Structures are given as structure tokens and as C-alpha cells.
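Enquirer: One structure, as C-alpha cells, below. Some questions next.
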Protein chains: 2
Amino acid sequence: MTTPISSLSAKIDTFLRDSDAPTPFVVVDVDLVEERYVQLVEAIPAARVYYAVKANPALPILRRLVALGSAFDVASPAEIDRCLEAGANPNDISYGNTIKKRRDIAYAHSCGVRRYTVDVEAELDKVAVEAPGASVCVRLRHDCGGADWPLSRKFGAEAPDVVRVLALAGKAGLESGVSFHVGSQQRDLGAWDDTLEVVAEIVERARNQGANPSFVNLGGGFPGTYREAAPTIDAYGAAVRTALAKWFPLGLTEVMVEPGRYLVADAGVLRSEVVLVSRRSPADSERWIYLDCGKFHGLAETMDEAIRYRLRTPHDGQTSGPVVLAGPTCDSADVLYEKSAYELPLALAEGDMVDILSAGAYTTTYSSVGFNGFPPLQEHYV
Amino acid sequence: MTTPISSLSAKIDTFLRDSDAPTPFVVVDVDLVEERYVQLVEAIPAARVYYAVKANPALPILRRLVALGSAFDVASPAEIDRCLEAGANPNDISYGNTIKKRRDIAYAHSCGVRRYTVDVEAELDKVAVEAPGASVCVRLRHDCGGADWPLSRKFGAEAPDVVRVLALAGKAGLESGVSFHVGSQQRDLGAWDDTLEVVAEIVERARNQGANPSFVNLGGGFPGTYREAAPTIDAYGAAVRTALAKWFPLGLTEVMVEPGRYLVADAGVLRSEVVLVSRRSPADSERWIYLDCGKFHGLAETMDEAIRYRLRTPHDGQTSGPVVLAGPTCDSADVLYEKSAYELPLALAEGDMVDILSAGAYTTTYSSVGFNGFPPLQEHYV
């Protein structure tokens, strides 16, 4: 299951060769983020990119994206501050979290942020009061399956409720639009067609009720490169372009996309060290490989083995055998992969480095502050 | 499901009334930690208490426990440093993590730490080299069910393998003992009898192979006070005393216990604010209550709804209805309770405080460094 990869990025290779930074750490090549950004813009030229800052809020990434003309999707006041520090225009910031404290909306408004996502009337009320003149994005919940990191019932309203909230926004004199999210690491290209059909119907019904939704936010869901293959970004682009042309033949005032994972995952490598290789009994064919990085120090997305990272070791290509991979804490839940049939070289030994590939997204900020006394995941940008 | 509790601790009540500390935060009454410590020592007088520092490594807690004569169970070099800073004697520190870097063992040895837990020969080899003269604790894996936070296959060896590692330790001239863990929040009092029978057999077999295990480490598993009732500490004490007398009628040189949760959980309250109360549709009987603290900012033990905290609201005693409880991040996995049939007062509104009781253990250090831009969980000690 190890993927031998000769070179990731010359800059990352150099860093990994020359640095004596203590493990575990993530190293991100910001040029690769730019490369992905350019590819996405080419694949969906009609859409404005709002980078989902939560995927990795590091300033070097935000600064590069500001320079490229990206907009930003934020989840909290601290993410707004970070974008402004990176030079973003507040008009290019969308407050996409449907769960916002009243004072946080007021703060965002005072910063000049104009667009806010809601999924219920109670949240719309807060936005209407605290951010007068806001542009309101109403989030649809539409389960289309096919995603590795599944969506729950936590976000989004059913179609009739979206229409109702849009109508209320219209009555309040607010600009509005519809957003959805097909699920992170979505591998079913039909998800956009399926959902945009529902969105088109919502827009028409809302117009009949006096609202005038003017934009559609396609969310994210574009994949990182993990163990199981996903379609190419060109295939995603074609699916989205076709679905937009089909369901919105007259076009839209604005189309947004909110990639997070797609822009930064493949740009990063997480380096960890093997702490212990253990066979419970001398005769056991299965080895337990304990790394110095686990679920509580950056690899939270291995929860339920949802995201299955590609791994690289110094012994790739040699004979391998089954392993269970676990983190270094005393917590029994700190097991990365037990059921996903990972295999690693038999030669892998204590002290070897294991590189976890495509680890630039949802790792650094997920890390605990110090569970079991282990420091937070370190990060480097090259 | 809300438990009305008139008073937790005068000091915590005063803090909650007078402080304007921003939520979410944990406030811990260190006197309650002392109270629990005294109760545990009375319940199992034969045992030396090694506080599991990972449960809450705050200095005010460690200092109080040092003053009470407690010993400490640590998982990492940083936890050793913290104990020493609090005034602990290195002889009273046990390095209980079975997964240790070679250089971390050497560091612990240089600090004067003498006792190390292992569960495979490869780890014993590291300890024998890096910590000459070590006292080695070999961890048994014995699944006895009944625990809310289940143990996995991550730790511990089967009985015959424990005997083998003990024999190797004996050959290396090292002092040795046997440890086990019945599982956190263990509610089956028979777990200790069941496991100590196996331990007694291991000790006898190891003696026949030239080793001389001199101590037994009973681990933790003593409960915090969550929604579902657990036996009293006196009942635990009686079960442990009876099992020790039955299986080790001649006594043992040393008996260790490693409480974490039991000493600190009930001493702390996590205060959070209601950010949004939402009914997806006006007709929905189920409300979603979004708090400003979730799975990624201290409430990690709600994973799979394993630990079911008691809640307190300003409207307790009034008519209540079913709720789903969720955290404030854009992550769909950040849902606390969806299947555990929680009910909260219908009057609960945005801006109300919800107190999560018995939250002094496994909260502060589990918090992420800043997922979604929300700062780590704050902590106060009174």
C-alpha cells in the first residue's frame, strides 16, 4: 500500500534532506498551492475561488493566494484577522460558518465582511441585525453520498426551508444566494448535477416568493491525493461546467467555489519517526508500527480511517507485510489504521522516518495543544 | 437528562458568578482533587497512588498532589518536566507509556526516573540499554469489558508473552512487575478479580522462569460522575481489596494504582455559551443546540458519544425537549450528542450558559491549537 514516489517537490525534498527539524512536522511547498489554484481556475473559469481557510490558515499560504486574486471562506473572527493580515480585501471574505456568535457577526461587519452563510431563520435574524446590508448565503443540505469525510445533519436546510429563508432574506432587503457542499473528498462526479438540479428549483421557487437569489456557492469537495484514486480536476471541472450550463442556462451573477483540501493537501508532507515496531508474539505476522504522530497531533482525519494517506518509507520497494499504524499517546483511540489493510516494508525499524503524503490540509490546526505532553505538530513553509 | 445540581463547590460557584472570563473555559477546584485523593487512599490503603498526569497536567493540581504525597504516572518527557517543576521526587515518577523514543528514555533516566512500562521485548531492550538499573513494569492486555472508553489492541501483551518479557527482564537483572488497565470508567467491579487471577498466574510462572516480579500496578478505571451512574469508590475499594487478598494472600512488595479521571474529572466544570438554537423547520420537535465548545476544543471524549457528561443550564427544572448538541466548527464530525437522547429546557436560548459537569479530566490538553480559528480551551484553577 506504500506508494513509491521519487520526488514530491524539489523544495520539499531539499527540506527533508537538509533540515534537522524535530519530528513530527508538516512541510508545505507554497508553489504547489499556486499550481493547484491555477488548475482549479482553469477547470471552472466561471467560478470565483474562496479558499476554505480552515484547511490550513498559515500566512504563507494566505499571502500567496491573495497575490493570485483568491477570495476567502472563513469560520471565525480569528480567520478573518488572519486573512486581513495576509492582505485580503474584506470584500473578498465570506463568513461561511452557519454557527456564529452575534458579537462575531458584528465584528466581521465592522471589518467590512459582507457575505454570511446561514441555514435557519434564527441565524438570518442575527445577520440582519448585526450586519446590515449583508449578502446572505443560505445553505442547502442535500445528501449525495460518495464522500470520504461524510457530511452529517449538522449543516444545511431542506429545500423547502431554504426557499423560506431566502424569501425572508428578500423581505429584509438582503441580497441572497444558495450554497451547498457535496462532501469532502467527493468522488462521485454526478454529485454536482444532482445538487444543482435542486438548487435551480429552489432559485425559481424563491423568485416566485419575491426573493432574488443571485449567486450559487458550489462549496468544496475537490479531492486531495490519498490512497484511493479520485477523478482528475479536469473531470471535476467538466462535470461542474456541464451541470451549471444545464441547470442555469442563462448564467448566474456569481458562482463561488470553496476549495480547501484541494488547494493545500497535496502541497504538504508530514514527517514522522518510527518509535517502536512491535510483534506481540514472536510468531505474529502483523506488526504494530508506532509513530511519533497520531490522531491527537495532526492526523485527526484518520478518525474511523476516513482519510487514508499514502505513506513513504526509506525501504519502499522491498518486501512488505501487514501493519497496524498507531500514534504515540497512551490513548487507546490513538490508532490510525487497523482495518484498512496497510502494508509496509519488513525492513522498517525504530528511528526510520515515515512520510505521510498529501498532509497539507486539516493537520496543523487540528493538533491538540499537548495531549500526553507531546507538543503540537510543527509546520514549515518552503 | 439535565441533572439539577444546586452547588458544585463554593469556589467554582463564586468563580462562575463573578468572573467574566470568555467562554469556553474549564474551572477546577483543586480542593476537590484533594478530597478524591483522600477517598481513594482510604478505599485502597495498600496501594500507592500514581496520578495519571495526562488526565490534567495543570501545575496547581500537580503541586497539590505532591503535597499530599502522591506519585505520578507520565507519558512523555514534558510530563516529567512538569512533575519535577511541581516538586515531585523523580523516584515517584513512573514512565507508563509503552511507546517511548530511545532518547526520551535516556532523558527520563538522566532525570532520575526509575520505573518504565513495556509490553514487548523490543521496548524492554530500549529500557535496559537507556535506563540501566530500571524497574520494569510489563503490561498485560486482558479484555474485561464494562468500560465506557474501551481499550483497544494497542497496549499490552497476552499472558504468555508477559511471562516471557518478565523472564527476559529477570535475565537482564532488572526489577519487574505486572500492570494492567481495566478500561477507563470501568463499571464492572468484577474486572479486578478477573484480571488479578490472571496476574497471579503470570507471577507464579515468571518465578518458575527465574524472574521475581515484585509489584502489581492496578492501573486506573475509577470513574468520574457522568450521566450514567457508576459504583461508589468504597465499592471499588472493597472489590480491589478482596481480589488482592484472594490472589495475593501473602501480599506484594508494592501495589500501584494510576487514577486520572477519578481524581480530577469531578473537580472541574466546563462553561460554554449557546451560539444558536435551531429548528430546521418550524414544526421540528428536535432542536439543534450549538455550543461554543465542541469535539475539537476540549470535548474529544464525546467521540462516538462515549463519555456522556451531565449538563446544567439556567432553566433546569422547566419543561424540556429533545436536542442534538453540536460544537461551533464547520466540521460535520463536530457533533457531541445525537444518539444519546439528551433533553434540555425549551427555554434555552442563544447566549445562555451551558455548564458541562465533571469536565476536569481529558479536556484541556485534548483541545486543538486552533481548528477553525477558535482558540484553545481556557483553564482556571481555584
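Going through the C-alpha cells in order, the chains are called A, B, and so on, while each chain numbers its residues from 1 and the ligands are numbered from 1 in the order shown.
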Write out as JSON, numbers by chain the set of residues from region 133-212 of chain A that DSSP, computed on the backbone, places in helix (DSSP H, G or I).

Expert: {"A": [159, 160, 161, 162, 163, 164, 165, 166, 167, 168, 169, 170, 171, 190, 191, 192, 193, 194, 195, 196, 197, 198, 199, 200, 201, 202, 203, 204, 205, 206, 207, 208]}

Enquirer: Give as a count of residues only every residue of chain B that touches chain A within 6 Å, counting only C-alpha atoms.

Expert: 24

Enquirer: For Arg114 (chain B), list every protein, DNA or RNA residue within 9 Å, evaluated using only C-alpha atoms, and leave out those in the same chain fewer than 3 positions away; present the list as a PyMOL selection string.

Expert: chain B and resi 90-95+108-109+131-136

Enquirer: Using only C-alpha atoms, which residue out of A:Ala47, A:Ala359, A:Leu174, A:Ala71 lies closest to Gly251 (chain A)?

Expert: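 Counting only C-alpha atoms, the residue closest to Gly251 (chain A) is A:Ala47.
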
Enquirer: Could you pull out all residues of region 101-227 of chain B with a DSSP call of strand (DSSP E) and give them as a PyMOL selection string?

Expert: chain B and resi 115-118+135-139+147-149+175-179+184-186+215-217

Enquirer: Name the closest residue to Val216 (chain A) among the candidates A:Phe15, A:Phe180, A:Tyr107, A:Phe72; distances are taken between atoms, counting only C-alpha atoms.

Expert: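 Result for the nearest residue to Val216 (chain A): A:Phe180.
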
Enquirer: Could you tell me how far CA of Arg115 (chain A) sits from CA of Leu62 (chain A), in Å to one decimal place?

Expert: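 Result for CA of Leu62 (chain A) versus CA of Arg115 (chain A): 19.0 Å, one decimal.
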
Enquirer: Could you please determine the separation between CA of Arg48 (chain A) and CA of Thr253 (chain A) in Å, to one decimal place?

Expert: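 CA of Thr253 (chain A) lies at a distance of 11.1 Å from CA of Arg48 (chain A).
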
Enquirer: Identify, on the basis of only C-alpha atoms, every residue whose closest approach to region 202-213 of chain B does not exceed 6 Å; exclude the query and any residue fewer than 4 positions from it along the same chain; express the result as a compact mmCIF listing (two decimals) with C-alpha atoms, in the first residue's frame.

Expert:
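New file around_39.txt:
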```txt
# COMPACT_ATOMS: atom_id res chain seq x y z
CA VAL B 163 5.74 -14.13 31.28
CA ALA B 167 11.75 -13.65 32.30
CA GLY B 170 14.90 -11.08 35.15
CA SER B 176 9.96 -6.17 37.48
CA GLY B 177 6.23 -6.10 37.99
```

Enquirer: If you measure from CA of Cys111 (chain B) to CA of Asp73 (chain B), what distance in Å do you get, rounded to one decimal?

Expert: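 Computing the Euclidean distance for CA of Cys111 (chain B) and CA of Asp73 (chain B) yields 14.6 Å.
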